[in-house]
file structure_22.cif (mmCIF, C-alpha atoms and all ligand atoms)
data_protein
#
loop_
_atom_site.label_atom_id
_atom_site.label_comp_id
_atom_site.auth_asym_id
_atom_site.auth_seq_id
_atom_site.Cartn_x
_atom_site.Cartn_y
_atom_site.Cartn_z
CA MET A 1 -103.75 48.40 97.96
CA SER A 2 -102.71 49.91 94.59
CA ASN A 3 -100.90 53.28 94.49
CA GLN A 4 -104.01 54.88 93.06
CA LEU A 5 -106.22 53.64 95.91
CA ASP A 6 -103.52 54.59 98.39
CA SER A 7 -103.52 58.18 97.21
CA PHE A 8 -107.34 58.18 97.20
CA ALA A 9 -107.27 57.15 100.89
CA THR A 10 -104.87 60.02 101.64
CA GLU A 11 -107.14 62.44 99.76
CA VAL A 12 -110.16 61.22 101.76
CA ASP A 13 -108.31 61.65 105.06
CA GLY A 14 -107.41 65.23 104.16
CA TRP A 15 -110.96 65.99 103.08
CA ILE A 16 -112.42 64.59 106.31
CA GLN A 17 -109.98 66.64 108.42
CA GLU A 18 -111.02 69.76 106.55
CA ASN A 19 -114.79 69.18 106.32
CA CYS A 20 -115.94 67.04 109.24
CA PRO A 21 -116.40 69.21 112.36
CA GLN A 22 -115.03 67.68 115.57
CA SER A 23 -118.53 67.44 117.06
CA MET A 24 -119.52 65.23 114.11
CA ARG A 25 -116.82 62.74 115.11
CA THR A 26 -118.51 61.77 118.37
CA SER A 27 -121.14 59.14 119.13
CA MET A 28 -124.56 60.46 118.10
CA PRO A 29 -127.51 60.67 120.51
CA VAL A 30 -130.90 59.93 118.90
CA SER A 31 -131.87 63.59 119.37
CA GLU A 32 -129.06 64.63 116.99
CA GLN A 33 -129.90 62.30 114.11
CA VAL A 34 -130.54 64.03 110.78
CA TRP A 35 -133.36 62.33 108.87
CA ALA A 36 -133.71 62.97 105.15
CA SER A 37 -137.00 64.78 104.58
CA SER A 38 -138.80 67.42 102.56
CA GLU A 39 -138.69 69.31 105.88
CA ILE A 40 -135.18 68.28 106.89
CA LYS A 41 -134.12 69.56 110.33
CA PHE A 42 -130.58 70.07 111.60
CA PRO A 43 -130.11 69.90 115.37
CA THR A 44 -126.81 71.85 115.21
CA ALA A 45 -124.94 74.13 112.79
CA ASP A 46 -122.19 71.48 112.59
CA SER A 47 -124.66 68.80 111.50
CA LYS A 48 -125.78 71.07 108.65
CA SER A 49 -122.28 71.87 107.51
CA TRP A 50 -121.32 68.15 107.61
CA PHE A 51 -124.48 67.25 105.64
CA ASP A 52 -123.80 69.98 103.05
CA ALA A 53 -120.19 68.88 102.61
CA MET A 54 -121.12 65.21 102.13
CA VAL A 55 -124.02 65.97 99.77
CA SER A 56 -122.05 68.37 97.59
CA LYS A 57 -119.32 65.75 97.21
CA GLY A 58 -121.96 63.08 96.41
CA TRP A 59 -120.46 60.98 99.19
CA CYS A 60 -123.75 60.10 100.91
CA THR A 61 -124.18 57.80 97.89
CA PRO A 62 -120.53 57.32 96.90
CA GLU A 63 -120.90 54.68 94.19
CA TRP A 64 -124.01 56.11 92.52
CA PRO A 65 -123.39 57.84 89.16
CA VAL A 66 -122.68 61.58 89.40
CA GLU A 67 -125.72 62.37 87.20
CA TYR A 68 -127.93 60.92 89.97
CA GLY A 69 -126.28 62.90 92.74
CA GLY A 70 -123.73 60.22 93.58
CA GLY A 71 -119.98 60.45 94.00
CA GLY A 72 -119.21 58.34 90.91
CA LEU A 73 -116.67 56.32 92.89
CA SER A 74 -115.64 52.80 92.00
CA PHE A 75 -116.71 50.03 94.35
CA GLU A 76 -113.16 49.86 95.76
CA GLU A 77 -112.99 53.64 96.31
CA ALA A 78 -116.39 53.65 98.03
CA LYS A 79 -115.18 50.92 100.39
CA ILE A 80 -112.12 53.02 101.25
CA LEU A 81 -114.29 56.08 101.84
CA ARG A 82 -116.57 54.14 104.22
CA SER A 83 -113.67 52.66 106.12
CA ARG A 84 -112.00 56.08 106.55
CA LEU A 85 -115.28 57.65 107.73
CA LYS A 86 -115.55 54.81 110.23
CA PHE A 87 -111.91 55.21 111.28
CA PHE A 88 -112.44 58.90 112.12
CA GLY A 89 -115.73 58.10 113.89
CA CYS A 90 -117.72 60.37 111.55
CA ARG A 91 -121.45 60.42 112.09
CA PRO A 92 -123.67 59.50 109.13
CA ALA A 93 -124.53 62.85 107.51
CA GLN A 94 -128.13 61.72 107.07
CA ILE A 95 -130.36 58.76 107.89
CA ASN A 96 -132.27 57.80 104.81
CA PHE A 97 -133.97 54.51 103.87
CA GLY A 98 -133.83 55.86 100.33
CA ILE A 99 -130.06 55.57 100.39
CA SER A 100 -129.64 52.36 102.34
CA MET A 101 -132.49 50.36 100.79
CA LEU A 102 -134.61 51.90 98.02
CA GLY A 103 -131.95 53.64 95.90
CA PRO A 104 -129.98 50.47 95.20
CA VAL A 105 -133.11 48.70 93.89
CA ILE A 106 -134.10 51.70 91.74
CA LEU A 107 -130.59 51.57 90.28
CA GLU A 108 -131.01 47.87 89.55
CA PHE A 109 -134.65 47.61 88.48
CA GLY A 110 -135.84 51.19 87.77
CA THR A 111 -136.40 52.86 84.40
CA ASP A 112 -134.24 55.80 83.29
CA ASP A 113 -137.12 58.17 84.08
CA GLN A 114 -137.50 56.73 87.59
CA LYS A 115 -133.76 57.06 88.20
CA LYS A 116 -133.80 60.69 87.04
CA GLU A 117 -136.89 61.52 89.08
CA PHE A 118 -135.94 59.92 92.39
CA LEU A 119 -132.22 59.23 92.79
CA PRO A 120 -130.92 62.84 92.90
CA LYS A 121 -133.61 63.77 95.46
CA ILE A 122 -132.75 60.71 97.54
CA SER A 123 -129.07 61.50 97.43
CA ARG A 124 -129.70 65.11 98.51
CA GLY A 125 -131.86 63.93 101.43
CA GLU A 126 -135.04 65.60 100.16
CA ILE A 127 -137.48 62.72 100.76
CA TRP A 128 -138.36 60.81 103.93
CA TRP A 129 -139.13 57.26 102.76
CA CYS A 130 -140.94 54.65 104.77
CA GLN A 131 -141.31 50.95 104.04
CA GLY A 132 -144.81 49.55 103.49
CA PHE A 133 -144.25 45.80 103.47
CA SER A 134 -145.84 44.30 106.64
CA GLU A 135 -149.60 44.08 107.03
CA PRO A 136 -151.83 42.78 109.81
CA GLY A 137 -151.95 39.44 107.92
CA ALA A 138 -148.45 39.51 106.40
CA GLY A 139 -145.27 39.66 108.50
CA SER A 140 -142.89 36.72 108.35
CA ASP A 141 -145.18 35.39 105.64
CA LEU A 142 -144.72 38.55 103.60
CA ALA A 143 -146.06 37.06 100.37
CA ASN A 144 -149.49 37.18 102.02
CA VAL A 145 -149.85 40.94 101.37
CA SER A 146 -153.43 41.81 100.52
CA THR A 147 -153.41 45.62 100.09
CA SER A 148 -154.91 45.82 96.62
CA ALA A 149 -153.84 47.99 93.70
CA LYS A 150 -156.11 48.17 90.66
CA LEU A 151 -155.03 49.85 87.46
CA LYS A 152 -157.40 52.59 86.26
CA GLY A 153 -156.05 54.55 83.30
CA ASP A 154 -152.50 55.60 84.18
CA ASP A 155 -152.98 55.20 87.93
CA TYR A 156 -153.24 52.47 90.52
CA ILE A 157 -156.06 52.81 93.05
CA ILE A 158 -154.86 51.36 96.35
CA SER A 159 -156.88 50.14 99.35
CA GLY A 160 -155.85 48.22 102.45
CA SER A 161 -153.58 48.62 105.44
CA LYS A 162 -149.88 48.46 106.33
CA ILE A 163 -148.59 47.95 109.87
CA TRP A 164 -145.35 48.46 111.83
CA THR A 165 -144.41 51.11 109.25
CA SER A 166 -141.42 52.87 110.82
CA GLU A 167 -141.78 56.68 110.95
CA ALA A 168 -144.75 56.68 108.53
CA ASN A 169 -146.20 59.70 110.37
CA LYS A 170 -143.16 61.75 109.33
CA ALA A 171 -142.59 60.25 105.88
CA ASP A 172 -143.16 61.93 102.50
CA TRP A 173 -143.28 58.76 100.40
CA MET A 174 -143.70 55.04 100.94
CA TYR A 175 -142.26 52.20 98.87
CA CYS A 176 -144.73 49.40 99.23
CA LEU A 177 -145.81 45.95 98.19
CA VAL A 178 -149.32 45.64 96.80
CA ARG A 179 -151.40 42.83 95.39
CA THR A 180 -152.05 43.31 91.69
CA ALA A 181 -153.21 39.74 90.97
CA LYS A 182 -154.65 36.80 92.87
CA THR A 183 -152.37 33.97 91.83
CA GLU A 184 -151.90 30.45 93.14
CA LYS A 185 -148.29 31.24 93.95
CA LYS A 186 -148.77 34.28 96.20
CA GLN A 187 -145.42 35.85 95.25
CA ALA A 188 -146.44 36.01 91.57
CA GLY A 189 -149.22 38.59 92.12
CA ILE A 190 -147.25 41.28 93.96
CA SER A 191 -146.03 44.64 92.61
CA PHE A 192 -143.59 47.16 94.08
CA ILE A 193 -144.93 50.72 94.01
CA LEU A 194 -143.73 54.18 95.08
CA LEU A 195 -146.56 56.06 96.75
CA ASN A 196 -146.76 59.76 97.62
CA LEU A 197 -148.16 59.96 101.17
CA LYS A 198 -149.10 63.63 100.88
CA GLN A 199 -152.60 63.02 99.53
CA PRO A 200 -156.13 62.51 100.87
CA ASN A 201 -157.66 59.18 102.00
CA ILE A 202 -154.58 58.06 103.95
CA GLU A 203 -154.85 57.67 107.72
CA ILE A 204 -151.64 57.20 109.71
CA LYS A 205 -151.91 56.08 113.35
CA PRO A 206 -148.72 55.93 115.49
CA ILE A 207 -148.33 52.80 117.68
CA LYS A 208 -146.89 53.44 121.16
CA LEU A 209 -144.20 51.05 122.42
CA LEU A 210 -143.00 49.76 125.77
CA SER A 211 -140.04 52.19 125.49
CA GLY A 212 -142.48 55.09 125.46
CA GLN A 213 -141.57 55.93 121.86
CA SER A 214 -143.83 55.69 118.81
CA PRO A 215 -141.41 54.88 116.04
CA PHE A 216 -143.95 53.04 113.95
CA CYS A 217 -147.51 53.27 112.72
CA GLN A 218 -150.46 51.55 111.15
CA VAL A 219 -151.39 53.11 107.80
CA PHE A 220 -154.83 52.85 106.18
CA PHE A 221 -155.47 53.43 102.46
CA ASP A 222 -158.92 54.07 101.07
CA ASP A 223 -158.74 54.49 97.27
CA VAL A 224 -155.37 56.18 97.27
CA VAL A 225 -153.66 57.03 93.97
CA ALA A 226 -150.19 55.99 92.73
CA LYS A 227 -148.90 56.51 89.21
CA GLU A 228 -148.38 53.41 87.10
CA SER A 229 -145.06 54.98 86.06
CA HIS A 230 -144.01 54.76 89.72
CA ARG A 231 -144.14 50.96 89.71
CA ILE A 232 -140.62 49.47 89.95
CA ALA A 233 -140.20 46.48 87.58
CA ASN A 234 -143.08 44.87 85.69
CA GLU A 235 -146.52 44.38 87.18
CA ASN A 236 -146.59 41.24 89.36
CA GLU A 237 -142.78 41.13 89.49
CA GLY A 238 -142.43 43.10 92.71
CA TRP A 239 -141.33 40.10 94.76
CA LYS A 240 -137.83 40.02 93.25
CA VAL A 241 -137.47 43.75 94.01
CA ALA A 242 -138.64 43.20 97.60
CA LYS A 243 -136.24 40.30 98.10
CA ARG A 244 -133.30 42.38 96.88
CA LEU A 245 -134.35 45.31 99.07
CA LEU A 246 -134.50 43.02 102.11
CA GLU A 247 -130.92 41.96 101.40
CA PHE A 248 -129.89 45.61 101.67
CA GLU A 249 -132.01 46.07 104.81
CA ARG A 250 -130.38 43.07 106.49
CA THR A 251 -126.90 44.23 105.50
CA MET A 252 -127.70 47.59 107.11
CA MET A 253 -129.12 45.95 110.24
CA ALA A 254 -125.98 43.86 110.65
CA ASP A 255 -124.06 47.13 111.05
CA LEU A 256 -126.39 49.43 112.97
CA GLY A 257 -123.43 51.51 114.14
CA SER A 258 -122.84 52.80 110.63
CA GLU A 259 -126.47 53.99 110.61
CA GLY A 260 -125.77 56.10 113.66
CA ALA A 261 -127.34 53.84 116.32
CA VAL A 262 -126.41 54.83 119.88
CA ASP A 263 -123.69 52.70 121.42
CA ILE A 264 -122.45 52.50 125.00
CA GLU A 265 -119.73 50.02 125.93
CA PRO A 266 -120.92 47.82 128.82
CA ILE A 267 -117.38 47.69 130.19
CA LYS A 268 -117.46 51.48 130.69
CA THR A 269 -120.86 51.31 132.38
CA PHE A 270 -119.52 48.49 134.55
CA LYS A 271 -116.42 50.45 135.58
CA ASN A 272 -118.48 53.52 136.44
CA THR A 273 -120.69 51.75 138.97
CA ASP A 274 -119.70 51.76 142.63
CA ALA A 275 -120.74 48.15 143.21
CA LEU A 276 -117.70 46.50 141.62
CA ASN A 277 -117.13 44.26 144.61
CA ALA A 278 -120.75 43.27 145.06
CA PRO A 279 -121.54 39.54 144.81
CA GLY A 280 -121.86 38.30 141.24
CA GLN A 281 -119.89 41.19 139.72
CA LYS A 282 -116.92 38.99 138.73
CA LYS A 283 -119.27 36.78 136.77
CA LEU A 284 -120.75 39.84 135.07
CA HIS A 285 -117.27 41.12 134.23
CA LYS A 286 -116.46 37.80 132.54
CA LYS A 287 -119.71 37.93 130.57
CA ILE A 288 -118.83 41.42 129.35
CA ILE A 289 -115.35 40.36 128.23
CA LYS A 290 -116.81 37.38 126.33
CA HIS A 291 -119.37 39.66 124.71
CA GLU A 292 -116.67 42.15 123.64
CA LEU A 293 -114.68 39.30 122.07
CA ARG A 294 -117.74 38.12 120.12
CA ASN A 295 -118.43 41.70 119.09
CA HIS A 296 -114.90 42.11 117.72
CA LEU A 297 -115.28 38.84 115.83
CA ILE A 298 -118.50 40.11 114.26
CA ASP A 299 -116.78 43.39 113.27
CA LEU A 300 -113.87 41.49 111.73
CA THR A 301 -116.18 39.11 109.86
CA MET A 302 -118.20 42.06 108.61
CA ALA A 303 -115.03 43.76 107.36
CA ARG A 304 -113.88 40.53 105.69
CA THR A 305 -117.20 39.86 103.93
CA GLY A 306 -117.19 43.52 102.82
CA ILE A 307 -113.75 43.05 101.28
CA GLU A 308 -114.70 39.73 99.68
CA SER A 309 -118.00 40.90 98.23
CA LYS A 310 -117.75 42.32 94.76
CA SER A 311 -121.10 44.08 94.63
CA GLY A 312 -121.71 45.53 98.07
CA PHE A 313 -123.94 42.62 99.06
CA SER A 314 -122.85 39.31 100.48
CA PRO A 315 -125.10 36.32 101.31
CA ALA A 316 -123.34 36.47 104.68
CA ALA A 317 -125.64 39.42 105.46
CA LEU A 318 -128.28 36.98 106.64
CA THR A 319 -125.94 35.27 109.07
CA LEU A 320 -124.52 38.60 110.17
CA LYS A 321 -127.95 40.20 110.65
CA TYR A 322 -128.92 37.29 112.88
CA ILE A 323 -125.71 37.19 114.95
CA SER A 324 -125.21 40.93 115.11
CA THR A 325 -128.73 41.84 116.27
CA GLU A 326 -128.74 39.05 118.88
CA GLU A 327 -125.38 40.36 120.17
CA THR A 328 -126.61 43.97 120.22
CA GLN A 329 -129.50 42.85 122.39
CA ALA A 330 -127.02 41.14 124.74
CA ARG A 331 -124.95 44.37 124.81
CA TRP A 332 -127.85 46.41 126.22
CA GLU A 333 -128.72 43.66 128.70
CA LEU A 334 -125.11 43.82 129.96
CA ASN A 335 -125.31 47.62 130.20
CA VAL A 336 -128.44 47.33 132.34
CA ALA A 337 -126.87 44.60 134.51
CA SER A 338 -123.79 46.82 134.97
CA LEU A 339 -125.93 49.59 136.42
CA GLY A 340 -126.78 47.24 139.29
CA ALA A 341 -130.03 46.99 141.24
CA GLY A 342 -132.54 49.60 140.11
CA GLY A 343 -130.52 50.19 136.94
CA LEU A 344 -133.43 49.89 134.57
CA GLU A 345 -135.52 53.01 134.93
CA ILE A 346 -138.75 54.19 133.34
CA VAL A 347 -137.59 56.08 130.27
CA GLU A 348 -139.60 59.27 130.87
CA LYS A 349 -138.45 59.47 134.50
CA SER A 350 -134.82 58.77 133.74
CA HIS A 351 -131.97 61.12 132.74
CA GLY A 352 -128.57 61.19 131.05
CA GLN A 353 -126.78 57.94 130.34
CA LYS A 354 -129.24 55.88 132.39
CA GLN A 355 -132.01 57.12 130.13
CA GLU A 356 -130.01 56.30 126.97
CA ILE A 357 -129.42 52.78 128.33
CA ALA A 358 -133.08 52.24 129.28
CA LYS A 359 -134.27 53.50 125.88
CA SER A 360 -131.78 51.39 123.93
CA PHE A 361 -132.43 48.31 126.11
CA PHE A 362 -136.14 48.39 125.29
CA TYR A 363 -135.62 49.33 121.65
CA SER A 364 -133.02 46.58 121.11
CA LYS A 365 -135.78 44.01 121.65
CA ALA A 366 -137.05 45.06 118.21
CA TYR A 367 -133.77 44.39 116.36
CA THR A 368 -134.32 40.63 116.30
CA ILE A 369 -137.81 41.13 114.81
CA ALA A 370 -137.47 44.07 112.38
CA GLY A 371 -136.19 43.22 108.91
CA GLY A 372 -137.19 39.57 109.45
CA SER A 373 -137.20 37.82 112.84
CA SER A 374 -134.27 35.73 114.09
CA GLU A 375 -136.32 32.53 113.70
CA VAL A 376 -137.05 33.36 110.08
CA GLN A 377 -133.37 34.25 109.44
CA LEU A 378 -132.40 30.85 110.86
CA ASN A 379 -134.91 29.15 108.53
CA ILE A 380 -133.41 30.97 105.53
CA ILE A 381 -129.84 30.17 106.59
CA ALA A 382 -130.78 26.50 107.04
CA LYS A 383 -132.49 26.30 103.66
CA HIS A 384 -130.49 28.58 101.37
CA ILE A 385 -127.00 28.63 102.90
CA LEU A 386 -126.64 25.22 104.56
CA GLY A 387 -128.94 23.46 102.07
CA LEU A 388 -130.73 21.54 104.82
CA PRO A 389 -134.00 19.77 103.93
CA THR A 390 -137.19 21.67 104.86
C1 LIG A 401 -138.83 48.10 115.22
C2 LIG A 401 -139.54 47.52 114.05
C3 LIG A 401 -139.63 48.25 112.91
C4 LIG A 401 -140.32 47.74 111.81
N1 LIG A 401 -140.43 48.52 110.71
C5 LIG A 401 -141.11 48.07 109.65
C6 LIG A 401 -141.28 48.90 108.51
O1 LIG A 401 -140.82 50.05 108.45
N2 LIG A 401 -141.99 48.43 107.48
C7 LIG A 401 -142.53 47.17 107.48
O2 LIG A 401 -143.12 46.79 106.48
N3 LIG A 401 -142.41 46.36 108.56
C8 LIG A 401 -141.72 46.78 109.65
N4 LIG A 401 -141.60 45.98 110.76
C9 LIG A 401 -142.29 44.70 110.80
C10 LIG A 401 -141.39 43.48 110.74
O3 LIG A 401 -140.87 43.29 109.46
C11 LIG A 401 -142.23 42.29 111.22
O4 LIG A 401 -142.57 42.53 112.58
C12 LIG A 401 -141.50 40.97 111.11
O5 LIG A 401 -141.28 40.63 109.77
C13 LIG A 401 -142.29 39.84 111.80
O6 LIG A 401 -143.61 39.81 111.36
P1 LIG A 401 -144.84 39.83 112.40
O7 LIG A 401 -144.63 40.94 113.36
O8 LIG A 401 -146.10 39.79 111.64
O9 LIG A 401 -144.68 38.49 113.24
P2 LIG A 401 -145.15 37.03 112.82
O10 LIG A 401 -144.76 36.78 111.41
O11 LIG A 401 -146.58 36.87 113.18
O12 LIG A 401 -144.26 36.15 113.76
C14 LIG A 401 -144.55 35.96 115.15
C15 LIG A 401 -143.50 35.04 115.73
O13 LIG A 401 -143.53 33.78 115.04
C16 LIG A 401 -142.24 33.45 114.53
N5 LIG A 401 -142.38 32.80 113.23
C17 LIG A 401 -143.16 33.20 112.20
N6 LIG A 401 -143.02 32.36 111.15
C18 LIG A 401 -142.11 31.42 111.53
C19 LIG A 401 -141.54 30.28 110.89
N7 LIG A 401 -141.86 29.96 109.63
N8 LIG A 401 -140.62 29.55 111.58
C20 LIG A 401 -140.27 29.88 112.85
N9 LIG A 401 -140.81 30.94 113.52
C21 LIG A 401 -141.70 31.69 112.87
C22 LIG A 401 -141.52 34.78 114.39
O14 LIG A 401 -140.12 34.62 114.47
C23 LIG A 401 -142.07 35.57 115.57
O15 LIG A 401 -141.34 35.26 116.72
C24 LIG A 401 -140.91 46.45 111.87
C25 LIG A 401 -140.80 45.69 113.03
C26 LIG A 401 -140.14 46.21 114.12
C27 LIG A 401 -140.05 45.39 115.35
#
call {"tool": "encode", "arguments": {"input": "structure_22.cif", "output": "structure tokens"}}
result
Amino acid sequence: MSNQLDSFATEVDGWIQENCPQSMRTSMPVSEQVWASSEIKFPTADSKSWFDAMVSKGWCTPEWPVEYGGGGLSFEEAKILRSRLKFFGCRPAQINFGISMLGPVILEFGTDDQKKEFLPKISRGEIWWCQGFSEPGAGSDLANVSTSAKLKGDDYIISGSKIWTSEANKADWMYCLVRTAKTEKKQAGISFILLNLKQPNIEIKPIKLLSGQSPFCQVFFDDVVAKESHRIANENEGWKVAKRLLEFERTMMADLGSEGAVDIEPIKTFKNTDALNAPGQKKLHKKIIKHELRNHLIDLTMARTGIESKSGFSPAALTLKYISTEETQARWELNVASLGAGGLEIVEKSHGQKQEIAKSFFYSKAYTIAGGSSEVQLNIIAKHILGLPT
């Protein structure tokens, strides 16, 4: 590391010590997550002071230009900042799809006006964004989207339905894929549009899951209005924007910890049970050790690809998303197994750590589907990384 970067790392360490409250350096339960929103809520005074400190420094979006609410850091400096925040175990100051997914594509494909209108608000956590890609007839085959957008004057009139839209019932805005032309090549008739959800003719129905939670919804549009000036990239060129955004989504999903996902080490759960000498426990112990080794390997590979990548994105994200989400699923299975017989409880009837484990066990089943299923990731890896014939 150069002297300059060295002294930046020292400066960051000092700043964290001064500004990150101790309670913000602990693992974060779901109930203490801070979601960016027009009605942002802070579960504790410390979470507000940590959020304020990070936002005023522009460090929620460290490499974005200062004029858009960013920290104006170089790519190298931003990497150092992230690694120091990780080292001190700092919680993410806010959870915001605008930062992890949408902002980077606005920076790459947006107009100056779009950057000025949206990026500072995203950086300050003022908008809850949801992602309107999947539809009842378009999941893995995303290019099949049929929600239509017809230009009328300066507005698009949108009709159709989106499904599995995470947190749509709480969101302010949606970035979505719409069909603006019926073309032979399905990808060539899709546009990427920013849509204000606070308007009439939108119905949002939460979908209840096995875990008891309702983190996603089906959304119905009946002649809903979006400004033409809120289309990112040219009309019918939304597919390239969507593909880039999915790269950011998969990079994020490969490192769910940095997004504040709950984590419990199976080895700790295992050691806390009183059935250590029960039959089969030695086998379970071995499985946990093997899992921890694989987990460390994933962390190391993630760190290496981060260092090697020059732009914040590496094609390795696809491989890492696949391996990392499969391993996370295994992690929760091992936690449940470590609790012994009767370990998996009904979420609503459970308490404390057992409840966290039950919730995360059920929710982890979604990680290998959301952001593109494991099977689809394997297809992409086979075709685009290994160059295998299709
Ligand atoms: C927790 C969660 C949150 C989500 N949040 C959002 C969101 O906010 N916004 C949004 O737009 N979407 C969201 N999704 C939807 C997600 O992107 C889709 O579920 C996913 O892309 C799969 O699409 P599908 O459900 O239609 O399944 P399908 O595409 O119907 O697939 C069904 C099964 O077939 C397999 N399959 C399909 N095609 C192939 C193939 N070519 N080769 C091999 N196997 C194949 C799949 O792997 C899967 O197992 C979310 C999903 C989950 C689970």
call {"tool": "residues_near_ligand", "arguments": {"input": "structure_22.cif", "ligand": "ligand LIG 401 (chain A)", "cutoff": "9 Å", "atoms": "all atoms listed in the file", "output": "MDAnalysis selection string"}}
result
chainID A and resid 130:142 162:168 176:177 215:217 363:379
call {"tool": "atom_distance", "arguments": {"input": "structure_22.cif", "atom1": "atom CA of A:Pro120", "atom2": "atom CA of A:Leu107"}}
result
11.6 Å
call {"tool": "residues_around", "arguments": {"input": "structure_22.cif", "residues": "stretch 192-208 of chain A", "least_positions_apart": "3", "cutoff": "6 Å", "atoms": "all atoms listed in the file", "output": "count of residues only"}}
result
20
call {"tool": "closest_residue", "arguments": {"input": "structure_22.cif", "among": "A:Lys170, A:Arg82, A:Lys121, A:Lys150", "to": "A:Gly98", "atoms": "only C-alpha atoms"}}
result
A:Lys121
call {"tool": "closest_residue", "arguments": {"input": "structure_22.cif", "among": "A:Tyr156, A:Phe362, A:Trp35, A:Phe75", "to": "A:Glu126", "atoms": "all atoms listed in the file"}}
result
A:Trp35
call {"tool": "closest_residue", "arguments": {"input": "structure_22.cif", "among": "A:Val30, A:Lys283, A:His384, A:Ile127", "to": "A:Gln355", "atoms": "only C-alpha atoms"}}
result
A:Val30
call {"tool": "atom_distance", "arguments": {"input": "structure_22.cif", "atom1": "atom CA of A:Cys90", "atom2": "atom CA of A:Asp52"}}
result
14.2 Å
call {"tool": "atom_distance", "arguments": {"input": "structure_22.cif", "atom1": "atom CA of A:Ile346", "atom2": "atom CA of A:Ala358"}}
result
7.2 Å
call {"tool": "residues_around", "arguments": {"input": "structure_22.cif", "residues": "stretch 246-255 of chain A", "least_positions_apart": "3", "cutoff": "7 Å", "atoms": "only C-alpha atoms", "output": "NGL selection string"}}
result
:A and (100-101 or 242-243 or 258 or 317-318 or 320-321 or 324-325 or 371)
call {"tool": "residues_around", "arguments": {"input": "structure_22.cif", "residues": "A:Asp263", "least_positions_apart": "4", "cutoff": "10 Å", "atoms": "only C-alpha atoms", "output": "PyMOL selection string"}}
result
chain A and resi 27-29+256-257+328+331-332+356-357+360
call {"tool": "residues_around", "arguments": {"input": "structure_22.cif", "residues": "A:Ile157", "least_positions_apart": "2", "cutoff": "6 Å", "atoms": "only C-alpha atoms", "output": "list in words"}}
result
Ala149, Lys150, Asp223, Val224 and Val225 of chain A
call {"tool": "write_last_selection", "arguments": {"input": "structure_22.cif", "atoms": "C-alpha atoms", "output": "CSV table (one decimal), in the coordinates of the input"}}
result
chain,number,residue,atom,x,y,z
A,149,ALA,CA,-153.8,48.0,93.7
A,150,LYS,CA,-156.1,48.2,90.7
A,223,ASP,CA,-158.7,54.5,97.3
A,224,VAL,CA,-155.4,56.2,97.3
A,225,VAL,CA,-153.7,57.0,94.0
call {"tool": "residues_around", "arguments": {"input": "structure_22.cif", "residues": "A:Phe8", "least_positions_apart": "6", "cutoff": "9 Å", "atoms": "only C-alpha atoms", "output": "VMD selection string"}}
result
chain A and resid 77 80 to 81
call {"tool": "write_last_selection", "arguments": {"input": "structure_22.cif", "atoms": "C-alpha atoms", "output": "mmCIF file, in the coordinates of the input"}}
result
data_model
loop_
_atom_site.group_PDB
_atom_site.id
_atom_site.type_symbol
_atom_site.label_atom_id
_atom_site.label_comp_id
_atom_site.auth_asym_id
_atom_site.auth_seq_id
_atom_site.Cartn_x
_atom_site.Cartn_y
_atom_site.Cartn_z
ATOM 1 C CA GLU A 77 -112.990 53.640 96.310
ATOM 2 C CA ILE A 80 -112.120 53.020 101.250
ATOM 3 C CA LEU A 81 -114.290 56.080 101.840
#
call {"tool": "closest_residue", "arguments": {"input": "structure_22.cif", "among": "A:Ala143, A:Ile122, A:Ser229, A:Met24", "to": "A:Asp155", "atoms": "only C-alpha atoms"}}
result
A:Ser229
call {"tool": "axis_aligned_box", "arguments": {"input": "structure_22.cif", "around": "stretch 71-87 of chain A", "padding_each_side": "3 Å", "output": "JSON"}}
result
{"center_x": -115.9, "center_y": 55.2, "center_z": 101.1, "size_x": 14.1, "size_y": 16.6, "size_z": 26.4}
call {"tool": "closest_residue", "arguments": {"input": "structure_22.cif", "among": "A:Lys185, A:His351, A:Ile106, A:Ala261", "to": "A:Arg244", "atoms": "all atoms listed in the file"}}
result
A:Ile106
